[in-house]
$ cat protein.csv   # CSV, C-alpha atoms
chain,number,residue,atom,x,y,z
A,1,MET,CA,-19.0,-9.4,5.7
A,2,ALA,CA,-18.2,-6.8,8.4
A,3,TYR,CA,-20.1,-3.6,8.5
A,4,LEU,CA,-18.5,-0.7,6.7
A,5,SER,CA,-18.2,2.5,8.7
A,6,ALA,CA,-19.3,5.8,7.1
A,7,SER,CA,-15.7,6.9,7.0
A,8,LEU,CA,-14.5,3.8,5.1
A,9,SER,CA,-17.4,4.0,2.7
A,10,VAL,CA,-16.3,7.6,1.8
A,11,MET,CA,-12.7,6.5,1.4
A,12,ILE,CA,-13.7,3.8,-1.0
A,13,ASN,CA,-15.9,6.2,-3.0
A,14,ALA,CA,-13.1,8.7,-3.0
A,15,VAL,CA,-10.6,6.4,-4.7
A,16,LYS,CA,-13.2,5.3,-7.2
A,17,LYS,CA,-14.0,8.9,-8.1
A,18,ALA,CA,-10.3,9.9,-8.4
A,19,ALA,CA,-9.7,6.7,-10.5
A,20,VAL,CA,-11.8,8.0,-13.3
A,21,GLY,CA,-9.3,10.7,-14.1
A,22,ILE,CA,-6.3,8.4,-13.6
A,23,ALA,CA,-7.7,5.8,-16.0
A,24,ARG,CA,-8.3,8.4,-18.6
A,25,ASP,CA,-4.8,9.8,-18.2
A,26,PHE,CA,-3.3,6.4,-18.3
A,27,ASN,CA,-4.9,5.7,-21.7
A,28,GLU,CA,-3.5,9.0,-23.0
A,29,LEU,CA,0.0,7.8,-22.1
A,30,GLU,CA,-0.2,5.4,-25.0
A,31,HIS,CA,0.0,8.4,-27.3
A,32,LEU,CA,2.9,10.0,-25.4
A,33,GLN,CA,5.3,7.1,-25.1
A,34,THR,CA,7.2,8.1,-28.3
A,35,SER,CA,6.9,11.8,-27.7
A,36,VAL,CA,9.9,13.9,-26.6
A,37,HIS,CA,7.4,15.8,-24.3
A,38,ASN,CA,6.9,12.7,-22.2
A,39,ASP,CA,9.3,13.7,-19.5
A,40,GLY,CA,7.2,12.6,-16.5
A,41,GLY,CA,5.3,15.9,-16.2
A,42,PHE,CA,2.1,14.4,-17.6
A,43,ALA,CA,2.2,11.7,-14.9
A,44,ARG,CA,2.9,14.2,-12.2
A,45,ARG,CA,0.0,16.3,-13.2
A,46,SER,CA,-2.2,13.2,-13.1
A,47,TYR,CA,-0.9,12.5,-9.6
A,48,GLU,CA,-1.7,16.0,-8.4
A,49,LYS,CA,-5.3,16.0,-9.9
A,50,ALA,CA,-6.0,12.6,-8.2
A,51,LYS,CA,-4.6,13.9,-4.9
A,52,ASN,CA,-6.8,16.9,-5.0
A,53,VAL,CA,-9.9,14.8,-5.6
A,54,LEU,CA,-9.0,12.6,-2.7
A,55,ARG,CA,-8.5,15.5,-0.4
A,56,GLU,CA,-11.7,17.1,-1.4
A,57,GLU,CA,-13.7,13.9,-0.7
A,58,LEU,CA,-12.0,13.1,2.6
A,59,LEU,CA,-12.4,16.7,3.9
A,60,LYS,CA,-16.2,16.0,3.8
A,61,ILE,CA,-15.9,13.6,6.7
A,62,LYS,CA,-13.0,14.9,8.7
A,63,PRO,CA,-12.4,18.6,7.9
A,64,GLN,CA,-10.2,19.0,10.9
A,65,TYR,CA,-7.8,16.3,10.0
A,66,ALA,CA,-4.4,16.9,8.5
A,67,PHE,CA,-3.0,15.3,5.3
A,68,ILE,CA,0.3,13.6,4.7
A,69,THR,CA,0.7,13.3,0.9
A,70,GLU,CA,4.5,13.6,0.2
A,71,LYS,CA,7.7,12.0,1.5
A,72,GLY,CA,9.0,14.0,4.4
A,73,ASP,CA,5.6,15.3,5.6
A,74,SER,CA,5.5,15.3,9.4
A,75,THR,CA,2.7,13.9,11.5
A,76,PRO,CA,0.5,16.5,13.3
A,77,ALA,CA,0.8,16.8,17.1
A,78,HIS,CA,-2.8,15.7,17.6
A,79,GLY,CA,-2.2,12.5,15.8
A,80,ASN,CA,-5.3,12.7,13.5
A,81,TYR,CA,-4.7,12.7,9.8
A,82,PHE,CA,-5.1,11.0,6.4
A,83,THR,CA,-2.3,9.6,4.4
A,84,ILE,CA,-2.6,9.8,0.6
A,85,ASN,CA,-0.5,8.4,-2.1
A,86,ALA,CA,-2.6,9.1,-5.2
A,87,ILE,CA,-0.4,7.0,-7.5
A,88,ASP,CA,2.0,4.7,-5.8
A,89,GLY,CA,4.3,3.4,-8.6
A,90,LEU,CA,4.3,6.7,-10.4
A,91,ALA,CA,7.3,5.6,-12.6
A,92,ASN,CA,5.3,2.5,-13.7
A,93,PHE,CA,2.3,4.7,-14.5
A,94,ALA,CA,4.4,7.1,-16.5
A,95,HIS,CA,5.7,4.2,-18.6
A,96,GLY,CA,2.3,2.7,-19.3
A,97,ASN,CA,2.8,-0.1,-16.8
A,98,ASN,CA,-0.4,-0.9,-14.9
A,99,ARG,CA,1.5,-1.9,-11.7
A,100,PHE,CA,0.4,1.1,-9.6
A,101,ALA,CA,-2.2,1.8,-6.9
A,102,MET,CA,-3.9,4.5,-4.9
A,103,SER,CA,-3.3,4.2,-1.2
A,104,ILE,CA,-5.1,6.0,1.6
A,105,ALA,CA,-5.4,5.5,5.3
A,106,MET,CA,-7.1,7.3,8.2
A,107,VAL,CA,-5.2,7.6,11.4
A,108,GLU,CA,-6.7,8.6,14.8
A,109,ASN,CA,-4.6,9.2,17.9
A,110,ASN,CA,-1.6,7.9,15.9
A,111,THR,CA,-3.4,4.6,15.3
A,112,ILE,CA,-4.3,3.4,11.8
A,113,ILE,CA,-8.0,2.7,11.8
A,114,ALA,CA,-9.0,2.4,8.2
A,115,ALA,CA,-7.2,1.7,4.9
A,116,VAL,CA,-7.8,1.4,1.2
A,117,VAL,CA,-5.5,0.2,-1.6
A,118,TYR,CA,-6.9,0.3,-5.1
A,119,ASN,CA,-5.5,-0.5,-8.6
A,120,PRO,CA,-8.0,1.3,-10.9
A,121,LEU,CA,-6.9,-0.5,-14.0
A,122,THR,CA,-7.4,-4.0,-12.7
A,123,ASP,CA,-10.2,-2.9,-10.4
A,124,GLU,CA,-8.7,-4.6,-7.4
A,125,LEU,CA,-9.8,-2.8,-4.3
A,126,PHE,CA,-8.5,-3.9,-0.9
A,127,PHE,CA,-9.8,-2.4,2.4
A,128,ALA,CA,-9.6,-2.8,6.1
A,129,GLU,CA,-10.8,-1.4,9.4
A,130,LYS,CA,-9.1,-1.9,12.7
A,131,GLY,CA,-10.6,-4.9,14.5
A,132,THR,CA,-12.9,-6.0,11.7
A,133,GLY,CA,-10.7,-7.7,9.2
A,134,ALA,CA,-9.3,-7.0,5.7
A,135,PHE,CA,-11.2,-7.6,2.5
A,136,LYS,CA,-11.1,-7.5,-1.3
A,137,GLU,CA,-14.1,-6.0,-2.9
A,138,GLY,CA,-16.3,-8.3,-4.9
A,139,PHE,CA,-19.3,-7.8,-7.1
A,140,ARG,CA,-21.8,-9.6,-4.8
A,141,SER,CA,-19.8,-10.3,-1.7
A,142,HIS,CA,-16.4,-9.3,-0.4
A,143,GLU,CA,-13.6,-11.7,0.0
A,144,ARG,CA,-12.0,-12.0,3.5
A,145,LEU,CA,-8.2,-11.7,3.2
A,146,ARG,CA,-5.8,-14.1,4.9
A,147,VAL,CA,-2.0,-14.2,4.6
A,148,ALA,CA,-0.6,-17.4,3.1
A,149,GLY,CA,0.6,-20.2,5.4
A,150,ARG,CA,3.8,-21.1,3.8
A,151,LYS,CA,6.5,-22.4,6.1
A,152,ASN,CA,9.7,-22.8,4.1
A,153,ILE,CA,11.7,-19.6,3.4
A,154,ASP,CA,13.3,-21.1,0.3
A,155,GLN,CA,9.9,-21.7,-1.3
A,156,ALA,CA,8.6,-18.2,-0.4
A,157,LEU,CA,7.6,-15.7,-3.1
A,158,PHE,CA,9.2,-12.4,-2.2
A,159,ALA,CA,8.5,-8.9,-3.2
A,160,CYS,CA,11.2,-6.4,-2.7
A,161,ASN,CA,11.3,-2.6,-2.8
A,162,ALA,CA,14.6,-2.3,-1.1
A,163,ASP,CA,18.3,-1.5,-1.5
A,164,LEU,CA,20.9,-3.8,-3.1
A,165,PRO,CA,22.2,-5.5,0.1
A,166,VAL,CA,18.6,-6.6,1.0
A,167,LEU,CA,18.0,-7.8,-2.6
A,168,GLN,CA,21.2,-9.8,-2.5
A,169,LYS,CA,20.3,-11.5,0.8
A,170,ILE,CA,16.9,-12.5,-0.7
A,171,LEU,CA,18.5,-13.9,-3.9
A,172,GLY,CA,20.8,-16.0,-1.7
A,173,VAL,CA,17.8,-18.2,-0.6
A,174,SER,CA,15.2,-17.7,-3.4
A,175,GLU,CA,14.9,-16.8,-7.0
A,176,GLN,CA,11.1,-16.3,-6.6
A,177,LEU,CA,11.2,-12.5,-6.5
A,178,ASN,CA,9.0,-9.7,-7.6
A,179,LEU,CA,10.3,-6.1,-8.1
A,180,SER,CA,7.1,-4.2,-8.6
A,181,GLY,CA,7.9,-0.6,-7.8
A,182,CYS,CA,4.6,-0.4,-5.9
A,183,PRO,CA,5.0,-1.2,-2.2
A,184,SER,CA,1.4,-0.6,-1.3
A,185,LEU,CA,0.1,-3.1,-3.8
A,186,ASP,CA,2.8,-5.6,-2.7
A,187,MET,CA,1.5,-5.2,0.9
A,188,ALA,CA,-2.1,-5.7,-0.3
A,189,TYR,CA,-1.1,-8.9,-2.2
A,190,LEU,CA,0.7,-10.2,0.9
A,191,ALA,CA,-2.6,-9.7,2.9
A,192,ALA,CA,-4.4,-11.6,0.1
A,193,GLY,CA,-2.0,-14.5,0.2
A,194,LYS,CA,-0.5,-13.8,-3.2
A,195,LEU,CA,3.0,-13.1,-1.8
A,196,ASP,CA,4.8,-14.7,1.2
A,197,VAL,CA,7.3,-12.0,2.2
A,198,VAL,CA,7.5,-8.3,1.5
A,199,ALA,CA,10.8,-6.5,2.2
A,200,ALA,CA,11.2,-2.7,1.8
A,201,THR,CA,13.4,0.1,2.8
A,202,ASN,CA,12.7,3.9,2.9
A,203,VAL,CA,9.0,3.6,2.1
A,204,PRO,CA,7.4,6.9,3.1
A,205,LEU,CA,4.5,7.2,5.5
A,206,HIS,CA,1.9,8.1,2.9
A,207,THR,CA,2.7,4.9,1.0
A,208,LEU,CA,3.1,2.6,4.0
A,209,ALA,CA,0.2,3.2,6.4
A,210,ALA,CA,-2.7,1.6,4.5
A,211,GLY,CA,-0.7,-1.6,3.8
A,212,ILE,CA,0.2,-2.0,7.5
A,213,LEU,CA,-3.4,-2.2,8.5
A,214,LEU,CA,-4.3,-4.6,5.6
A,215,ILE,CA,-1.5,-7.0,6.7
A,216,LYS,CA,-2.4,-6.8,10.4
A,217,GLU,CA,-6.1,-7.4,9.8
A,218,ALA,CA,-5.3,-10.3,7.5
A,219,GLY,CA,-3.3,-12.1,10.2
A,220,GLY,CA,0.2,-11.1,9.1
A,221,TYR,CA,3.2,-9.7,10.9
A,222,ILE,CA,5.3,-6.6,10.1
A,223,VAL,CA,8.6,-6.0,11.8
A,224,THR,CA,11.4,-3.5,11.5
A,225,MET,CA,14.1,-4.7,9.2
A,226,GLY,CA,17.2,-5.6,11.2
A,227,GLU,CA,15.2,-6.7,14.2
A,228,THR,CA,16.2,-10.1,15.6
A,229,ASP,CA,13.5,-10.5,18.2
A,230,VAL,CA,10.2,-10.5,16.4
A,231,ARG,CA,7.9,-11.3,19.3
A,232,THR,CA,6.7,-7.7,19.3
A,233,GLU,CA,6.1,-5.3,16.5
A,234,ASN,CA,7.2,-1.6,16.7
A,235,LEU,CA,4.8,-0.1,14.2
A,236,SER,CA,5.7,3.4,15.2
A,237,GLN,CA,9.3,2.8,14.3
A,238,ILE,CA,8.3,1.3,11.0
A,239,LEU,CA,6.2,4.3,10.1
A,240,VAL,CA,9.2,6.5,10.8
A,241,THR,CA,11.9,4.5,9.1
A,242,GLY,CA,10.0,2.8,6.3
A,243,ARG,CA,12.2,-0.3,6.7
A,244,PHE,CA,10.2,-3.5,7.3
A,245,VAL,CA,9.7,-7.1,6.6
A,246,ALA,CA,6.1,-8.4,6.4
A,247,THR,CA,5.1,-12.0,6.3
A,248,ASN,CA,3.1,-14.7,8.1
A,249,GLU,CA,3.6,-16.2,11.5
A,250,ASN,CA,5.5,-19.2,10.2
A,251,LEU,CA,8.1,-17.2,8.3
A,252,ARG,CA,8.5,-14.0,10.5
A,253,GLN,CA,11.5,-15.2,12.4
A,254,LYS,CA,13.1,-16.8,9.4
A,255,ALA,CA,12.6,-13.7,7.3
A,256,ALA,CA,13.8,-11.4,10.0
A,257,ASP,CA,17.0,-13.5,10.5
A,258,LEU,CA,17.6,-13.5,6.7
A,259,LEU,CA,17.4,-9.7,6.5
A,260,ALA,CA,18.9,-8.8,9.9
$ encode --input "protein.csv" --output "structure tokens"
Amino acid sequence: MAYLSASLSVMINAVKKAAVGIARDFNELEHLQTSVHNDGGFARRSYEKAKNVLREELLKIKPQYAFITEKGDSTPAHGNYFTINAIDGLANFAHGNNRFAMSIAMVENNTIIAAVVYNPLTDELFFAEKGTGAFKEGFRSHERLRVAGRKNIDQALFACNADLPVLQKILGVSEQLNLSGCPSLDMAYLAAGKLDVVAATNVPLHTLAAGILLIKEAGGYIVTMGETDVRTENLSQILVTGRFVATNENLRQKAADLLA
């Protein structure tokens, strides 16, 4: 497999270190599900603890870089920063549902150059570096990721984290639909060929960036929702709006037309 840079190695080690606390807290949630005190505060504290661990680890390699960790955070003028979503799918986490992930990306000169998406409960770790491909971690060797090659939109498996009008358009052509509540994991699954189309609206930058690189390095396409000419991709606009359709080459025009 491709050589891992020192930065990507630290990013992978960072999510695994933060995952220890997340897994412990998730197990504690089983005892909180029937408690009147389970108001989401426990889950939010878990999120904050994991975020702090990730920041501490990433500062070791790029102490001058900024961090984008919440919805609405603005990008720094110098264009060098990390994005962190310590628990994407926090509502799932809070309800004892294992459909969540940690998502981090490193951005240099406003270009995403490294990404990691990790589900600590299933131990699925997806990573990519710009120009070297996307991979799923394996015990002895890492699996190269490729988007699926499906051609027919009515046979496609969709994932949707979007508003009702988008959902209705998808249901008009296919009943094969996942509503996961975890956009970063959906994007990783698209890169791995487990989904055919991902549609999303209002996904914040700290959730979106890692998945973009995974999809691109796995041979996929990601375009702004509502775009009718999909020959070019405006990734900067996607990062700002969080509205996108991601899929393979065969389906990109069909999916864009469907959700225009």
$ closest_atom_pairs --input "protein.csv" --of "stretch 21-70 of chain A" --to "stretch 115-135 of chain A" --cutoff "9 Å" --atoms "only C-alpha atoms" --output "JSON lines"
{"residue": "A:Ile22", "atom": "CA", "partner": "A:Pro120", "partner_atom": "CA", "distance": 7.8}
{"residue": "A:Ala23", "atom": "CA", "partner": "A:Leu121", "partner_atom": "CA", "distance": 6.7}
{"residue": "A:Phe26", "atom": "CA", "partner": "A:Leu121", "partner_atom": "CA", "distance": 8.9}
$ residues_near_point --input "protein.csv" --point "(12.8, -2.4, -2.4)" --cutoff "7 Å" --atoms "only C-alpha atoms" --output "number ranges by chain"
A: 160-163, 199-201
$ residues_around --input "protein.csv" --residues "stretch 214-221 of chain A" --least-positions-apart "4" --cutoff "6 Å" --atoms "all atoms listed in the file" --output "PDB file with C-alpha atoms, in the coordinates of the input"
ATOM      1  CA  ALA A 128      -9.600  -2.800   6.100  1.00  0.00           C
ATOM      2  CA  GLY A 133     -10.700  -7.700   9.200  1.00  0.00           C
ATOM      3  CA  ALA A 134      -9.300  -7.000   5.700  1.00  0.00           C
ATOM      4  CA  LEU A 145      -8.200 -11.700   3.200  1.00  0.00           C
ATOM      5  CA  ARG A 146      -5.800 -14.100   4.900  1.00  0.00           C
ATOM      6  CA  VAL A 147      -2.000 -14.200   4.600  1.00  0.00           C
ATOM      7  CA  ALA A 191      -2.600  -9.700   2.900  1.00  0.00           C
ATOM      8  CA  ALA A 246       6.100  -8.400   6.400  1.00  0.00           C
ATOM      9  CA  THR A 247       5.100 -12.000   6.300  1.00  0.00           C
ATOM     10  CA  ASN A 248       3.100 -14.700   8.100  1.00  0.00           C
TER      11      ASN A 248
END
$ closest_residue --input "protein.csv" --among "A:Ala260, A:Ala19, A:Ala6, A:Val240" --to "A:Pro165" --atoms "all atoms listed in the file"
A:Ala260
$ residues_around --input "protein.csv" --residues "stretch 13-18 of chain A" --least-positions-apart "5" --cutoff "8 Å" --atoms "only C-alpha atoms" --output "VMD selection string"
chain A and resid 50 to 51 53 to 54 57 to 58 102 118 120
$ atom_distance --input "protein.csv" --atom1 "atom CA of A:His206" --atom2 "atom CA of A:Thr83"
4.7 Å
$ atom_distance --input "protein.csv" --atom1 "atom CA of A:Ser74" --atom2 "atom CA of A:Ile104"
16.1 Å
$ residues_near_point --input "protein.csv" --point "(6.9, 5.3, 9.3)" --cutoff "8 Å" --atoms "only C-alpha atoms" --output "list in words"
Val203, Pro204, Leu205, Leu208, Ala209, Leu235, Ser236, Gln237, Ile238, Leu239, Val240, Thr241 and Gly242 of chain A
$ closest_residue --input "protein.csv" --among "A:Thr224, A:Asn110, A:Ser5, A:Asn98" --to "A:Ile61" --atoms "all atoms listed in the file"
A:Ser5
$ atom_distance --input "protein.csv" --atom1 "atom CA of A:Arg140" --atom2 "atom CA of A:Met106"
25.9 Å
$ closest_residue --input "protein.csv" --among "A:Gln155, A:Ser103, A:Thr111, A:Gly89" --to "A:Thr75" --atoms "only C-alpha atoms"
A:Thr111
$ closest_residue --input "protein.csv" --among "A:Ser174, A:Gln253, A:Asn234, A:Thr207" --to "A:Ala188" --atoms "all atoms listed in the file"
A:Thr207
$ closest_residue --input "protein.csv" --among "A:Ala105, A:Arg45, A:Ala94, A:Lys136" --to "A:Ile68" --atoms "all atoms listed in the file"
A:Ala105
